[in-house]
Every structure is written in structure tokens, then in C-alpha cells.
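Working notes, beginning with the structure itself.
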Amino acid sequence: MKEYVRFVYRCFRISFVGNWQYHLWMLILTVISILGLNAWCKQFVAGLATTGMTDQVSWGLYIANFTFLVGMAAAAVMLVIPVYIYRNRELHDLVIFGEQLAIACIIMCLLFVTADLGQPLRFHHLLLRLNFPISMLSWDVIVLNVYLLLNMHICGYLIYCAYRKRSPSRWVYIPFVFIAIVWAISIHTVTAFLYVGLGARPFWNSAIIAPRFLASAFAAGPAFVIITLQVIARATGYHVPEKGLSLLRGIVTVALLIDMFLMGCEVFTEFYTDSAHVVSTDYLFFGYHGAHALVPWIWSAIVMNSTALLLLLSPFAPRANVMNVACVLLILGIWIEKGMGLIIPAFIPSPLGEVVEYRPTLNETLVCLGIWAFGLLLYTIFVRITVPVLVGQLTIDTPTAGDTLVSSQRR
Amino acid sequence: MVGELGTKVDRRNFLREGMAVTGGLVAVSAALSPLAKLDPEDLPTAEQFLQKHYKEMSPEELQAALSRIAKEVEQRYDVKPNVQDYKPLEGVEFVYALNLSRCIGCRKCVHACVAENNQSREPEIQYIRVLEMPRGTLDPEQGDHHYDRPKVPDADHFYMPVQCHQCSNPPCVKVCPVEATWQEKDGIVVIDYDWCIGCRYCEAACPYWARRFNFADPEIPADKLNPDMAYLSNRPRPKGVVEKCHFCLQRTRQGKMPACLEVCPTGSRKFGNVLDPESEVSQILKTKRIFVLKEEAGTLPRFFYYFDERYPRSEQERDEAKHGEAEA
């Protein structure tokens with residue numbers, strides 16, 4: 001126990017050690033987080049009137065980002081499956097980075113939901129009178145928090161074992177790994193069901209949304225991990241097996257193909273049927289009654305996703321630069337598609353046919369940026385701790401020099 | 001002093017860390033500074049924080065909550081209110097019927113509702129939305145929400161007021177994660193404003209756009225405050241919670257008619273107990289050609305629309321006028 005406290009303290013210390021690029025990066029993230037906190041305080045005092053949301057468009061950027069990040073968190077499973085089901089031991093350590101991404105994403109999700117609440121101080125009402133199993137939101141509260149705990153347990157245990165130079169006991173974590181695989185699918189399915197179950201919003205009332213969510217998540221999540229692993233490799237000298245990247249690239253390609261296929265199915269059903277329910281989709285893609293705020297967004301998402309797909313399918317895909325461009329494009333494309341493209345149009349027009357457009361305010365944008373910066377800050381700290389532990393530079397028997405060694409290596 | 005690195009933490013390092021910590025603290029406190037402008041009323045008192053869900057309160061606890069609310073209203077508006085909790089009446093299920101042949105779109109109901117139910121004047125919250133409908137459709141999406149005419153009714157339109165339909169199968173109740181909204185025995189869907197967490201899931205779930213959210217602190221001039229209020233209906237709401245039409249339960253559970261009905265100059269609005277076969281609404285449901293909005297949503301509304309079995313009055317009048325001219 002005493003050793004564990006010391007481990008936590010050393011983790012805390014080491015997160016402040018690094019070269020100037022590391023310090024600059026952390027400083028920028030901290031400043032943006034603090035700006036976000038400031039914006040949230042303003043919102044807390046004045047109410048959600050500080051956002052661009054209205055009674056017509058009652059969910060906005062917060063819920064859009066929340067939805068995207070649930071997907072990113074779920075995508076950690078795409079690293080876990082090859083390692084534990086197909087026993088690809090070589091990539092074992094990469095799983096830790098994936099699961100840490102999941103932890104950071106779930107924390108961001110919880111922050112986004114809290115930012116969206118009109119009465120955040122009544123959070124405890126969720127514990128006192130949770131409307132389970134009737135409300136899908138109550139399911140989401142449960143699955144997200146359990147997923148957070150599962151990942152914290154698995155990562156924390158593996159890293160602590162590496163620190164103690166013990167080999168992890170399978171019984172302590174393998175069962176949880178398998179639970180987490182199923183759970184990852186469940187968090188995104190439940191989040192899709194939040195929307196799908198609303199008869200009042202024909203735009204969401206489609207059974208294909210849950211599979212679409214999963215496909216887009218399994219494209220954007222691993223794409224983010226591909227970028228992160230290369231950053232880690234460059235910044236710390238940590239060896240990332242080439243095989244890991246190519247495996248992830250394959251996953252991203254297939255998932256993106258499925259995602260774009262499903263989107264095509266949805267678009268066909270809406271436009272070919274051409275019933276009264278097409279209005280929201282019409283608004284999204286072409287504008288409706290002179291309102292077309294989302295049109296440039298969705299088309300740039302389509303262009304980005306298609307370009308990414310072409311790059312990934314091309315013979316140049318194995319080149320790091322091509323792969324990275326494709327990954328960045330598809331992360332942005334899917335962020336738009338699932339945020340602006342999936343949440344906002346369901347509210348336009350309103351159930352009574354009123355067309356009120358949504359424009360995020362500066363304050364609300366700052367809150368979002370703040371939460372993103374805070375999530376990245378957490379993830380950087382996780383990685384900062386994990387790398388030296390995994391390469392054996394920060395272990396129980398390196399009481400002194402461990403931190404310096406790593407920091408000198410991080411040029 | 002021995003640092004983690006095992007060497008003496010030198011003076012420069014110590015100073016640098018000290019400065020970083022101080023800078024961080026200053027930045028965080030600056031970030032938190034907007035909280036200084038927080039109205040102390042917006043922070044829950046221990047009493048408010050510990051208050052139970054409406055359905056879990058004992059009669060004594062409910063009484064304590066009612067007198068706390070009365071005290072708060074008096075402090076804020078300098079008006080002594082009468083805050084009650086009216087329970088549903090036995091053998092009563094309320095139903096609303098609205099005659100589209102008669103409604104002239106004057107919006108008197110909208111404003112009577114605002115006055116009766118202490119809705120926020122700034123920002124403006126209204127429970128009733130009147131749609132100006134073109135001939136030939138009952139699809140609310142074809143309606144004009146913001147019609148502004150010197151004189152109503154317009155001969156080529158009819159008018160369709162929409163408010164909470166108090167559905168028998170309410171999607172809003174289903175989705176609430178904390179059971180802050182539920183259906184009472186008399187069919188009215190109510191909200192515990194002290195329990196709502198403000199997630200607005202119910203607002204997304206309602207096919208009639210009946211729910212409103214307090215995006216800012218509601219403002220009501222003290223002289224406009226209706227002092228007769230009930231826990232589940234028209235007491236002043238805090239910011240950050242959802243509200244909606246509740247069939248004026250502070251009136252209707254005492255045998256009065258809703259404010260929107262009382263003010264209607266054309267008698268388009270009918271309200272009553274559907275379990276009483278002699279009531280006017282029962283007669284209307286039996287004899288008129290009634291319909292509900294968005295029947296396909298499966299919500300089973302308790303709010304019915306009907307037409308008199310004749311052309312809309314405005315058209316008939318126009319024809320009569322033409323007829324008169326021709327004769328002359």
C-alpha cells in the first residue's frame with residue numbers, strides 16, 4: 001500500500017518532467033483548459049442562455065462532442081480484440097495506450113454532459129432516483145461509468161505490475177478485458193439508442209444509427225491511435241511495432257468503408273422515399289427554406305471522408321505521410337458527421353415545423369475547447385507515465401535516476 | 001531538501017517551481033472569478049439540496065417545502081403567495097377539445113396563460129403556440145408561427161393553437177433520467193421543478209414541441225406575479241429547468257376552468273372530465289369529428305381538435321358578403 005502511494009506520487013512528479021516541447025504543449029493545454037473553465041463559470045452564473053441553444057434546437061455542440069467521444073472511447077476495443085482474441089502478443093503494450101485514450105475520452109464525455117446540464121448541482125438526483133431501465137439516459141450513465149472503471153482497472157493494474165516488475169496475474173485482469181470488449185460495443189449502442197428511440201425526431205428514428213455509430217467510431221478511434229502512437233514514438237523514442245500501425249490502418253479502412261456505405265443507405269432511404277420525413281436530411285444536405293448553416297459542414301465532411309478512403313485504398317497507403325493525412329481527414333470528417341451532422345439537423349425544423357438555426361456562441365465554443373484540452377492534457381500525462389514504466393526506466397528499483405533518464409531521452 | 005531526482009533541488013529550480021505553482025493558482029482563481037457574480041439565491045440552501053423527490057416527501061416534508069417556497073417568493077417579489085399542493089381529484093380524467101372552426105388566432109390564450117402561470121417575461125416563455133394554417137393541410141409543418149396581422153382571422157387561413165397534449169403514452173416521461181416528470185391520475189403530466197436536472201431530453205422527445213427550458217433566470221415583474229400557485233404547476237421556476245402546460249392544475253383541480261379557456265372570446269376551447277359522460281368534452285368526443293395531432297406518433301393525446309360540421313366561419317361570412325353585394 002505504501003509502495004502504491006509512492007508509485008502514485010512518482011507518477012505525479014514525472015508528469016512535470018520533460019523537455020521544452022513537452023512543457024510548451026502542456027502549458028498550451030493548461031491555458032486552454034483554464035479558459036474553458038472560465039467560460040463554464042460564466043455559463044453557470046448566467047445559465048445556458050450563454051450558448052446558442054434554444055427551445056427549438058435544445059441540444060448543440062456539447063451533445064455533439066459527447067457523441068463523438070463516446071465513439072472514440074469505444075474504439076479502444078479495436079486494439080483489444082486482436083491482442084486478446086487473436087493472441088497477437090506483440091501488440092500487447094499498445095492496448096494500454098488505447099485504453100488510456102478510452103479513459104480520457106470518457107472523462108471528456110462526462111464533462112460534456114455536465115456542461116450541458118441546466119442544474120449541474122443536482123447531479124446527485126441521478127443516484128437517488130435513476131429512472132432505470134426506462135430512460136435510455138439512465139443506461140448511458142451506468143454504461144459510461146462502468147466502462148471508465150473497467151479501463152482504469154485494466155490499465156492501472158498492468159502499469160503498476162510493470163512498475164513492480166511483476167508479471168500480471170491473468171485472473172485479475174483478463175476477465176475484465178473480455179467484459180470491456182462487450183462493454184465498449186454497449187456504450188456506443190446505448191448512446192445511439194438515446195436518439196434512435198425518439199419518435200418525435202424522424203431524422204434519428206432509424207435502426208441504422210447504432211451500426212453507423214460503431215462503424216464511424218471504429219474508423220475515427222483507431223485513426224486517432226495511429227497518430228498518437230507516432231507522436232509517442234517520435235517524442236519518447238518508444239518503439240512502436242510497424243505491425244501495430246498496419247493492423248490499425250486495416251481496421252480504419254474497413255470501418256470507414258462500412259461507415260460510408262451505411263451513410264449511403266441512409267441517404268438513399270431518405271431521398272428516394274421522399275416522404276415528409278426527409279426535411280431534416282434535406283436541410284442538412286441542401287438547406288431548407290433559405291436556412292443552410294450545415295450545408296458546408298456536411299459536404300466538407302463527405303469530401304474529407306471520401307478523400308481519406310481513397311488514400312487508404314490506394315497503393316500509397318502504407319506510407320506514413322499518406323496514412324497520417326488520411327487519418328486526420330477522417331477524424332475531422334467523422335467529427336463533423338457525428339456532431340454537426342447527426343445531432344443538430346434532428347431539431348431542424350422543430351416538431352411544429354419552425355426553422356430555427358443553431359449557431360454556437362463563443363462562450364460555448366470555449367467550454368468545448370477547454371474540455372478537449374483537458375482531455376488531451378490527461379492523455380498526455382497518462383502516456384508520459386506509461387512509456388518510462390513500460391521500457392523499464394521508471395520501476396520500483398529505479399528510485400533516483402529514472403526520471404532524468406527518460407527526460408534526457410525525450411529530446 | 002532532497003528532491004525526487006536524488007540531488008539537491010537547487011535554488012533556481014525551486015524558484016521556478018514556486019513561480020509555476022503561483023502562476024497556476026492565480027490563473028485558476030481568475031478563471032473562477034465569474035462565480036463572484038453568482039446570485040446567492042442560485043446556490044441551493046441545505047434545505048433545498050436535501051429536499052426529496054415530490055413523490056417521496058411525507059405530508060410534513062411537503063408542507064415544509066411549500067412554506068420554504070412561499071418564503072422565497074416573498075423575499076424575491078415582495079408578494080405574499082398562497083402556495084398549495086393540489087392532488088388529482090378522484091374519478092376525474094381531464095381532456096381538452098379545441099374547435100378549429102371557431103378559433104380566430106387572436107392569441108389571447110397565449111397571454112392569459114403567461115399571466116396565470118407565472119411564465120418568464122424576459123426571456124419570453126409561452127406554453128401555447130398558435131399556428132396560422134393554410135387551407136388544405138393539417139400538417140403543422142405548413143403552419144406560420146410568426147404571423148403578424150393587423151386583423152385576425154384571415155379569410156384564407158385557419159388557426160391551430162398547440163400546447164402540451166398531456167399524452168396517455170407520454171414520450172417525455174419515458175426519457176427523463178431522474179423521474180422529474182410523470183403522469184398523474186387525472187392525466188396531467190407534471191414536473192417537479194426542484195428535481196429536474198435540466199438535461200432537456202424530454203424537450204427532444206416531445207413531438208408537439210410543448211416543453212420549454214429556462215435558459216436564463218426567469219424574470220417576472222412583481223406586480224404581474226400570480227400569487228395563487230401550486231407546487232407542481234405555476235410557482236416561479238429557477239433557471240435551468242424545464243416547464244410546460246399543466247392544464248392549469250392550480251385552477252382545474254379546484255373545479256375552475258383553465259385560464260386559456262376562460263379568456264377565449266370565441267368559445268373554441270372546451271375542457272372537462274372525460275369520465276363524466278354528461279360533460280361537454282364527453283359530448284364533443286361522441287358527436288364531433290375529432291382528430292389528434294400526429295396520431296402516428298402513438299402518444300395518445302388528451303388534447304383533441306375538431307371542426308364544426310360546416311365550412312370555416314370566415315369563408316361563410318365572405319360568401320354571404322359577396323351574396324349580399326350581388327343582390328344589391
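Labels for the C-alpha cells follow display order: chains A, B, ..., residues from 1 in each chain, ligands from 1.
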Give me the residues of chain B that have any atom at most 6 Å from an atom of chain A; for each, the nearest atom pair and the distance in Å, rounded to one decimal. Use only C-alpha atoms, sort by chain and number, and format it as JSON lines.
{"residue": "B:Leu5", "atom": "CA", "partner": "A:Thr400", "partner_atom": "CA", "distance": 5.2}
{"residue": "B:Gly6", "atom": "CA", "partner": "A:Thr400", "partner_atom": "CA", "distance": 5.4}
{"residue": "B:Ala31", "atom": "CA", "partner": "A:Asn38", "partner_atom": "CA", "distance": 4.1}
{"residue": "B:Leu32", "atom": "CA", "partner": "A:Asn38", "partner_atom": "CA", "distance": 5.7}
{"residue": "B:Pro34", "atom": "CA", "partner": "A:Lys42", "partner_atom": "CA", "distance": 5.5}
{"residue": "B:Leu35", "atom": "CA", "partner": "A:Cys41", "partner_atom": "CA", "distance": 6.0}
{"residue": "B:Leu38", "atom": "CA", "partner": "A:Val45", "partner_atom": "CA", "distance": 5.2}
{"residue": "B:Pro140", "atom": "CA", "partner": "A:Leu352", "partner_atom": "CA", "distance": 5.3}
{"residue": "B:Glu141", "atom": "CA", "partner": "A:Gly353", "partner_atom": "CA", "distance": 3.7}
{"residue": "B:Lys174", "atom": "CA", "partner": "A:Ser135", "partner_atom": "CA", "distance": 5.8}
{"residue": "B:Val175", "atom": "CA", "partner": "A:Ser135", "partner_atom": "CA", "distance": 4.4}
{"residue": "B:Cys176", "atom": "CA", "partner": "A:Ser135", "partner_atom": "CA", "distance": 5.9}
{"residue": "B:Pro177", "atom": "CA", "partner": "A:Asn131", "partner_atom": "CA", "distance": 4.9}
{"residue": "B:Val178", "atom": "CA", "partner": "A:Leu130", "partner_atom": "CA", "distance": 4.9}
{"residue": "B:Glu179", "atom": "CA", "partner": "A:Asn131", "partner_atom": "CA", "distance": 5.7}
{"residue": "B:Ile197", "atom": "CA", "partner": "A:Gln119", "partner_atom": "CA", "distance": 4.8}
{"residue": "B:Gly198", "atom": "CA", "partner": "A:Gly118", "partner_atom": "CA", "distance": 4.2}
{"residue": "B:Cys199", "atom": "CA", "partner": "A:Leu117", "partner_atom": "CA", "distance": 4.9}
{"residue": "B:Ala205", "atom": "CA", "partner": "A:Leu198", "partner_atom": "CA", "distance": 5.5}
{"residue": "B:Cys206", "atom": "CA", "partner": "A:Ala200", "partner_atom": "CA", "distance": 5.8}
{"residue": "B:Pro207", "atom": "CA", "partner": "A:Ala200", "partner_atom": "CA", "distance": 4.2}
{"residue": "B:Tyr208", "atom": "CA", "partner": "A:Pro351", "partner_atom": "CA", "distance": 5.9}
{"residue": "B:Trp209", "atom": "CA", "partner": "A:Pro351", "partner_atom": "CA", "distance": 5.8}
{"residue": "B:Arg212", "atom": "CA", "partner": "A:Asp55", "partner_atom": "CA", "distance": 5.9}
{"residue": "B:Phe215", "atom": "CA", "partner": "A:Ala49", "partner_atom": "CA", "distance": 4.7}
{"residue": "B:Ala216", "atom": "CA", "partner": "A:Gly47", "partner_atom": "CA", "distance": 4.9}
{"residue": "B:Gly240", "atom": "CA", "partner": "A:Gly118", "partner_atom": "CA", "distance": 3.8}
DSSP-assigned alpha helix (DSSP H) among stretch 48-297 of chain B, expressed as a PyMOL selection string: chain B and resi 48-50+59-77+108-116+171-175+201-205+249-252+259-263+280-287
Pick out the residues sitting within 7 Å of A:Leu311, and hand them over as a count of residues only; count only C-alpha atoms, and ignore anything fewer than 3 positions along from it in its own chain. 6
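Computed from the coordinates, the atom CA of B:Ala65 to atom CA of B:Arg253 distance equals 20.2 Å.
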Would you mind listing what lies within 12 Å of B:Glu90 as a PyMOL selection string, with only C-alpha atoms counted and same-chain residues fewer than 2 positions away left out? chain B and resi 87-88+92-94+184-187+253+273+275-276
Near-A:Ile159 list (9 Å; only C-alpha atoms; drop same-chain fewer than 5 positions) as a PDB file with C-alpha atoms, in the first residue's frame:
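The file below, out-v4.pdb, is the result:
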ATOM      1  CA  ILE A  96      -2.608   0.177 -22.788  1.00  0.00           C
ATOM      2  CA  ILE A 154      -7.084  -2.805 -16.529  1.00  0.00           C
ATOM      3  CA  ARG A 164       6.694  -3.527  -9.655  1.00  0.00           C
ATOM      4  CA  ILE A 385       3.833   7.964 -17.143  1.00  0.00           C
ATOM      5  CA  THR A 386       3.302   4.802 -19.173  1.00  0.00           C
ATOM      6  CA  VAL A 389       7.249   2.342 -16.948  1.00  0.00           C
ATOM      7  CA  LEU A 390       6.908   0.056 -19.944  1.00  0.00           C
TER       8      LEU A 390
END
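The list of residues with at least one atom within 12 Å of A:Asn321, based on only C-alpha atoms and without residues fewer than 5 positions apart in the same chain, reads A:Ile226, A:Ile227, A:Gln230, A:Leu311, A:Leu312, A:Phe316, A:Ala326, A:Cys327, A:Val328.
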May I have the selected residues written with N, CA and C atoms, as a PDB file, in the first residue's frame?
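Printed below is out.pdb as written:
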ATOM      1  N   ILE A 226      -3.453   5.773 -34.270  1.00  0.00           N
ATOM      2  CA  ILE A 226      -2.325   5.738 -35.220  1.00  0.00           C
ATOM      3  C   ILE A 226      -1.489   7.007 -35.075  1.00  0.00           C
ATOM      4  N   ILE A 227      -2.167   8.158 -35.057  1.00  0.00           N
ATOM      5  CA  ILE A 227      -1.445   9.424 -34.941  1.00  0.00           C
ATOM      6  C   ILE A 227      -0.715   9.486 -33.603  1.00  0.00           C
ATOM      7  N   GLN A 230       2.478   7.423 -33.319  1.00  0.00           N
ATOM      8  CA  GLN A 230       3.642   8.008 -33.994  1.00  0.00           C
ATOM      9  C   GLN A 230       4.202   9.184 -33.204  1.00  0.00           C
ATOM     10  N   LEU A 311      -7.376   7.544 -50.238  1.00  0.00           N
ATOM     11  CA  LEU A 311      -5.965   7.443 -49.849  1.00  0.00           C
ATOM     12  C   LEU A 311      -5.675   6.094 -49.210  1.00  0.00           C
ATOM     13  N   LEU A 312      -6.586   5.648 -48.346  1.00  0.00           N
ATOM     14  CA  LEU A 312      -6.356   4.392 -47.633  1.00  0.00           C
ATOM     15  C   LEU A 312      -6.424   3.194 -48.564  1.00  0.00           C
ATOM     16  N   PHE A 316      -0.510   3.747 -52.090  1.00  0.00           N
ATOM     17  CA  PHE A 316       0.417   4.555 -51.285  1.00  0.00           C
ATOM     18  C   PHE A 316       0.070   4.525 -49.800  1.00  0.00           C
ATOM     19  N   ALA A 326      -4.667  10.852 -44.290  1.00  0.00           N
ATOM     20  CA  ALA A 326      -5.966  10.177 -44.325  1.00  0.00           C
ATOM     21  C   ALA A 326      -6.585  10.141 -42.937  1.00  0.00           C
ATOM     22  N   CYS A 327      -5.775   9.835 -41.930  1.00  0.00           N
ATOM     23  CA  CYS A 327      -6.305   9.738 -40.561  1.00  0.00           C
ATOM     24  C   CYS A 327      -6.850  11.077 -40.089  1.00  0.00           C
ATOM     25  N   VAL A 328      -6.074  12.147 -40.310  1.00  0.00           N
ATOM     26  CA  VAL A 328      -6.536  13.464 -39.855  1.00  0.00           C
ATOM     27  C   VAL A 328      -7.822  13.837 -40.567  1.00  0.00           C
TER      28      VAL A 328
END
